[in-house]
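Participant: Below are the structure tokens for one structure; questions will follow.
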Amino acid sequence: MLADESRYKLKYTYAEDFGTGYFKYGPITLGERPKMIPSRGLILRDLPESIKMLIPKSVLERGVVVGDDVSKYLSSIREAARNLKQPLKDGIIRRDDEDAWKIVKELVRFGFSQFYPEVSNQPDFRGYYTVIALSALAPDYMRERMMEIHKEVDEEFEGRLIAAVTVIDQPFAVAIAEKAVTCSVIEAGHGNIQVVPISYGPIREGIVALNRGGAEANAITREILKDAGYGDLARDEYVVETVKRQIGLVPKNLKEAIKKAREDPKRFAVKVKIGPLVEIELVEHAWMRFLIGEIIFNPKHEEFASYIQTGRLVIEDVVVGDMVFYGEMDLAEALIHSVKKTPVEIQEKIVSSIILSGGAFNWQVPQGLEDVACTSTEKIKIMMSERVPDMAERLNVRMVKDPQFSVWRGAIIYGYALPTSVKWNEKYKEGWYTWK
Amino acid sequence: MSLLVTLDRARNILKKWIKERNLIIEELESDHLILREGDNTVLVKIIVFEDLPDIDEINREITVLASRRSEYNKMYIAVSRDVAHLLDGKLLKKLGIGVIAIDLEEGEAREILQSPAISRRVAEIDVSRLEQDLSRIVRRILDSELSVLRREIEELKNRAQDSASGDVLKKLEKIREEIESIWNVIDRLKIEIERLKNTISTGEVQSTATSSRQEAQQQSDTSPVPDFIKDNPWVQILANKNVR
């Protein structure tokens, strides 16, 4: 990289991580941590006339607010629930979801607005080199629309805000932040799981998508609550999420774990305090705690059969664009399936270095249950060792060090290091896109 | 074979190779050697593995080495023969880093990629980094020596009741001598830092005063490199996309 370019990018590289829950953004000069706001926006419609008069004209014209302003206007809006919206569902925005695109544009504008007043006074500022981090499963139209949105926002700033934009897959950004050149990244989100092989870049042919994630763990928690006699509480998503986080366990071996829990239910019994007046207790149903963690890793296990057959749990394959999202494929199989699509010479290296990221891998092992419960990294090791015994000793599975910010950091490194002379290439999905 | 044994063996093979070429060893550390070849200062970094070679680790080492390329006239990595074929030759050639392949079984070394000689840019030696490196070395020596001393004091305490006072005095004398030797090391390092500072301020810096001023001006305009970017192998890999 040229010295001048390097110097410029050390000041003016900017990254945006479009997570389902939070939007992380900011320039390289922020250091270790980006700014973040919830990935949501409030569409300003159904407003009473009296309220409209109090809102600045420019905000009213854009028709959407994000960040702290959401709470300012929330109480004034009728049908707030309908108009308060999270634009990304499992990292993806529907092509025709205009409200969602409107919110995304506002998030972009909101982010840049915090830094532009200062940098615009710098004599050397010629626009930010901006990296947009999206799900590896994001369809092409999403990348294109994102670039278009950045172009529009740049025009609002008289073409001085953005020098060029590029797009990076979130799992690739994770690998960069983790300094892993050849590896597999498994990103487990709320609605889906992405397995992405990396070797000097993402190997697109090897991406495997699974149609399950934290949401399925919630679904099984809900069924457990119903079975344990808390059917009324099971309707509340907040209760379900809290209970899942507090009681969910990943078993080393589901059959053995259930056997032990049934033999000695008191050892596995658990109480969860939901509020000052509500408490949930599982004693004889305590063995079911292992189903919550297991479903992420292997929903094909016979223990889930009765839930699926009776329609209490729906896990099935779906097709989005040209990508199949497998429902029941277990994680070891998904990894092997993914690695098999990569060149033979690097397969061993890719499968032996596995990085886990995402909230659906966040499971604890309570003290005293270490003989049956394990962390996500251990679980993957166990599953892979059973499937490929020869690899057992060489498997290196690790959780990403800073799950919240690693994508943003990886995107910043990518923006800093990718030379500006590399122009956007539709085939490789890399390079800088510019409209100037 | 344990890593230490492998490293030791690789170092011995290299020493033999160096001797055959009448090169002079200026510094011999566990994982690198600094040689004198005529007027050239040559760094040879030894990278060996206990088990499977880790290409990520090699890339990390190469990235770190590349950032210090201007400090040496020539720079080599010495790797075992089976690792050599994993290296990215084009990249190494571009960085000006040569490769010496070591056959651990046959006990032979071979230069498979030459490192071109470049002029050393003394003025670019980063004094603050040098100081940091030296303080790190001092701290490491002190930590290791102090832990020995602590252990000995503990031992003395435990044995105080039943040991003869003569033994205790001898031990104390030994401790005094060791502390003195640590101070000597620190003094030597201080002198070395001063010497380097003087070399830099009176030597090539004067002749390139204008460019240094320009650099200083440019540096003042530059933001510091965030820690998560430093030593990241992806920086070099992505920078090479330019070539493609």
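Chain labels run A, B, ... following the order of the structure tokens; each chain numbers its residues from 1, and ligands are numbered from 1 in the order shown.
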Check every residue of chain B for an atom within 8 Å of chain A, counting only C-alpha atoms, and provide those that qualify as a list in words.

Facilitator: Asp56, Thr222, Ser223, Pro224, Val225, Pro226, Asp227, Phe228, Ile229, Asn232, Pro233, Trp234, Val235, Gln236, Ile237, Leu238, Ala239, Lys241 and Asn242 of chain B

Participant: How would the residues just picked look written out with N, CA and C atoms as a PDB file, in the first residue's frame?

Facilitator:
ATOM      1  N   ASP B  56      -0.569 -19.725   9.376  1.00  0.00           N
ATOM      2  CA  ASP B  56      -0.970 -18.425   9.931  1.00  0.00           C
ATOM      3  C   ASP B  56       0.169 -17.824  10.731  1.00  0.00           C
ATOM      4  N   THR B 222      -0.619  11.999  11.110  1.00  0.00           N
ATOM      5  CA  THR B 222      -1.089  10.624  11.025  1.00  0.00           C
ATOM      6  C   THR B 222      -1.645  10.141  12.353  1.00  0.00           C
ATOM      7  N   SER B 223      -2.753   9.414  12.259  1.00  0.00           N
ATOM      8  CA  SER B 223      -3.313   8.845  13.487  1.00  0.00           C
ATOM      9  C   SER B 223      -2.535   7.587  13.834  1.00  0.00           C
ATOM     10  N   PRO B 224      -2.491   7.227  15.116  1.00  0.00           N
ATOM     11  CA  PRO B 224      -1.780   6.002  15.475  1.00  0.00           C
ATOM     12  C   PRO B 224      -2.489   4.774  14.909  1.00  0.00           C
ATOM     13  N   VAL B 225      -1.713   3.724  14.662  1.00  0.00           N
ATOM     14  CA  VAL B 225      -2.307   2.490  14.132  1.00  0.00           C
ATOM     15  C   VAL B 225      -2.986   1.761  15.299  1.00  0.00           C
ATOM     16  N   PRO B 226      -4.290   1.465  15.194  1.00  0.00           N
ATOM     17  CA  PRO B 226      -4.949   0.758  16.299  1.00  0.00           C
ATOM     18  C   PRO B 226      -4.284  -0.599  16.553  1.00  0.00           C
ATOM     19  N   ASP B 227      -4.313  -1.021  17.811  1.00  0.00           N
ATOM     20  CA  ASP B 227      -3.645  -2.272  18.191  1.00  0.00           C
ATOM     21  C   ASP B 227      -4.144  -3.468  17.384  1.00  0.00           C
ATOM     22  N   PHE B 228      -5.456  -3.477  17.066  1.00  0.00           N
ATOM     23  CA  PHE B 228      -5.977  -4.664  16.386  1.00  0.00           C
ATOM     24  C   PHE B 228      -5.520  -4.738  14.927  1.00  0.00           C
ATOM     25  N   ILE B 229      -4.902  -3.680  14.431  1.00  0.00           N
ATOM     26  CA  ILE B 229      -4.361  -3.732  13.061  1.00  0.00           C
ATOM     27  C   ILE B 229      -2.910  -4.201  13.081  1.00  0.00           C
ATOM     28  N   ASN B 232      -1.314  -7.859  12.157  1.00  0.00           N
ATOM     29  CA  ASN B 232      -2.402  -8.664  11.591  1.00  0.00           C
ATOM     30  C   ASN B 232      -1.993  -9.137  10.192  1.00  0.00           C
ATOM     31  N   PRO B 233      -1.887 -10.466   9.979  1.00  0.00           N
ATOM     32  CA  PRO B 233      -1.413 -10.961   8.682  1.00  0.00           C
ATOM     33  C   PRO B 233      -2.294 -10.532   7.518  1.00  0.00           C
ATOM     34  N   TRP B 234      -3.557 -10.212   7.806  1.00  0.00           N
ATOM     35  CA  TRP B 234      -4.473  -9.838   6.725  1.00  0.00           C
ATOM     36  C   TRP B 234      -4.062  -8.526   6.062  1.00  0.00           C
ATOM     37  N   VAL B 235      -3.381  -7.664   6.795  1.00  0.00           N
ATOM     38  CA  VAL B 235      -3.018  -6.363   6.222  1.00  0.00           C
ATOM     39  C   VAL B 235      -2.165  -6.585   4.974  1.00  0.00           C
ATOM     40  N   GLN B 236      -1.167  -7.466   5.095  1.00  0.00           N
ATOM     41  CA  GLN B 236      -0.289  -7.743   3.968  1.00  0.00           C
ATOM     42  C   GLN B 236      -1.032  -8.490   2.862  1.00  0.00           C
ATOM     43  N   ILE B 237      -1.860  -9.461   3.281  1.00  0.00           N
ATOM     44  CA  ILE B 237      -2.584 -10.274   2.287  1.00  0.00           C
ATOM     45  C   ILE B 237      -3.514  -9.386   1.452  1.00  0.00           C
ATOM     46  N   LEU B 238      -4.249  -8.515   2.148  1.00  0.00           N
ATOM     47  CA  LEU B 238      -5.187  -7.654   1.426  1.00  0.00           C
ATOM     48  C   LEU B 238      -4.441  -6.633   0.572  1.00  0.00           C
ATOM     49  N   ALA B 239      -3.318  -6.146   1.087  1.00  0.00           N
ATOM     50  CA  ALA B 239      -2.533  -5.164   0.326  1.00  0.00           C
ATOM     51  C   ALA B 239      -2.070  -5.779  -0.998  1.00  0.00           C
ATOM     52  N   LYS B 241      -3.731  -7.681  -2.915  1.00  0.00           N
ATOM     53  CA  LYS B 241      -4.819  -7.792  -3.895  1.00  0.00           C
ATOM     54  C   LYS B 241      -4.535  -6.871  -5.064  1.00  0.00           C
ATOM     55  N   ASN B 242      -3.802  -5.825  -4.760  1.00  0.00           N
ATOM     56  CA  ASN B 242      -3.395  -4.862  -5.769  1.00  0.00           C
ATOM     57  C   ASN B 242      -2.694  -5.538  -6.932  1.00  0.00           C
TER      58      ASN B 242
END

Participant: Write out as a list in words the residues lying within 9 Å of region 295-305 of chain A, counting only C-alpha atoms and excluding same-chain residues fewer than 5 positions away.

Facilitator: Ala188, Ile193, Arg212, Gly213, Gly214, Glu216, Ala217, Ile220, Val250, Leu254, Lys255, Phe290, Thr310, Leu313, Ile315, Gly327, Glu328, Met329, Asp330, Leu331, Ala332, Ala360, Phe361, Ser376, Lys379, Ile380 and Met383 of chain A

Participant: For Ile207 (chain A), work out the shell of residues within 12 Å, counting only C-alpha atoms and skipping chain neighbours fewer than 2 positions away, then give it as a PyMOL selection string.

Facilitator: chain A and resi 135-138+169+171-172+184-187+193-198+202-205+209-210+323-326+334-342

Participant: Pick out the residues sitting within 9 Å of Leu86 (chain B), and hand them over as a list of chain:residue names; count only C-alpha atoms, and ignore anything fewer than 3 positions along from it in its own chain.

Facilitator: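 What passes the distance filter is B:Pro53, B:Ile55, B:Asp82, B:Val83, B:Gly89.
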
Participant: Hey, can you check how far CA of Tyr238 (chain A) sits from CA of Gly359 (chain A)?

Facilitator: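 Distance reported for this atom pair: 15.9 Å.
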
Participant: So the first atom is CA of Ala392 (chain A) and the second is CA of Glu348 (chain A); what is the distance between them in Å, to one decimal place?

Facilitator: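 So the two atoms, CA of Ala392 (chain A) and CA of Glu348 (chain A), lie 11.8 Å apart.
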
Participant: Run DSSP on the backbone and tell me which residues of region 213-358 of chain A come out as strand (DSSP E or B); list them as a list in words.

Facilitator: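 For region 213-358 of chain A, the strand (DSSP E or B) set is Pro251, Val270, Lys271, Val272, Lys273, Glu279, Ile280, Glu281, Leu282, Val318, Val319, Val320, Met323, Val324, Phe325, Tyr326, Ser353, Ile354, Ile355, Leu356 and Ser357 of chain A.
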
Participant: Just C-alpha atoms for this one: save the residues we selected as a compact mmCIF listing (two decimals), in the first residue's frame.

Facilitator:
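Now in part.txt:
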# COMPACT_ATOMS: atom_id res chain seq x y z
CA PRO A 251 -24.96 -31.64 26.80
CA VAL A 270 -33.34 -24.99 38.75
CA LYS A 271 -35.30 -21.90 39.82
CA VAL A 272 -35.62 -18.74 37.75
CA LYS A 273 -36.92 -15.51 39.20
CA GLU A 279 -40.68 -17.68 39.86
CA ILE A 280 -40.28 -20.77 37.72
CA GLU A 281 -39.03 -24.04 39.11
CA LEU A 282 -38.06 -27.15 37.18
CA VAL A 318 -36.24 -23.41 3.10
CA VAL A 319 -34.94 -21.80 -0.05
CA VAL A 320 -34.08 -18.08 -0.07
CA MET A 323 -29.52 -20.65 -1.24
CA VAL A 324 -30.91 -23.68 0.61
CA PHE A 325 -31.21 -23.16 4.36
CA TYR A 326 -31.05 -26.65 5.86
CA SER A 353 -9.30 -24.17 12.80
CA ILE A 354 -12.89 -23.33 13.72
CA ILE A 355 -14.03 -19.95 15.04
CA LEU A 356 -17.47 -19.63 16.63
CA SER A 357 -19.31 -16.33 16.82

Participant: Please, what distance in Å, to one decimal, runs between CA of Ile258 (chain A) and CA of Arg235 (chain A)?

Facilitator: 26.1 Å

Participant: Select, from B:Met75, B:Val64, B:Leu189, B:Leu52, the residue with the minimum atom-to-atom distance to Arg120 (chain B), counting only C-alpha atoms.

Facilitator: B:Met75

Participant: Can you list, as a PDB file with C-alpha atoms, in the first residue's frame, every protein, DNA or RNA residue that comes within 8 Å of Ile100 (chain B) when you count only C-alpha atoms, leaving out same-chain residues fewer than 4 positions away?

Facilitator:
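Wrote it out as around.pdb, contents follow:
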ATOM      1  CA  TYR B  76      16.018 -14.335   5.775  1.00  0.00           C
ATOM      2  CA  ILE B  77      13.632 -16.780   7.320  1.00  0.00           C
ATOM      3  CA  ALA B  78      15.034 -20.217   8.045  1.00  0.00           C
ATOM      4  CA  VAL B  79      12.392 -22.936   7.933  1.00  0.00           C
ATOM      5  CA  ALA B 109      20.861 -25.869   4.994  1.00  0.00           C
ATOM      6  CA  ARG B 110      20.249 -24.384   1.560  1.00  0.00           C
ATOM      7  CA  GLU B 111      19.431 -20.868   0.426  1.00  0.00           C
ATOM      8  CA  ILE B 112      16.368 -21.311  -1.788  1.00  0.00           C
ATOM      9  CA  LEU B 113      15.411 -17.663  -2.145  1.00  0.00           C
TER      10      LEU B 113
END
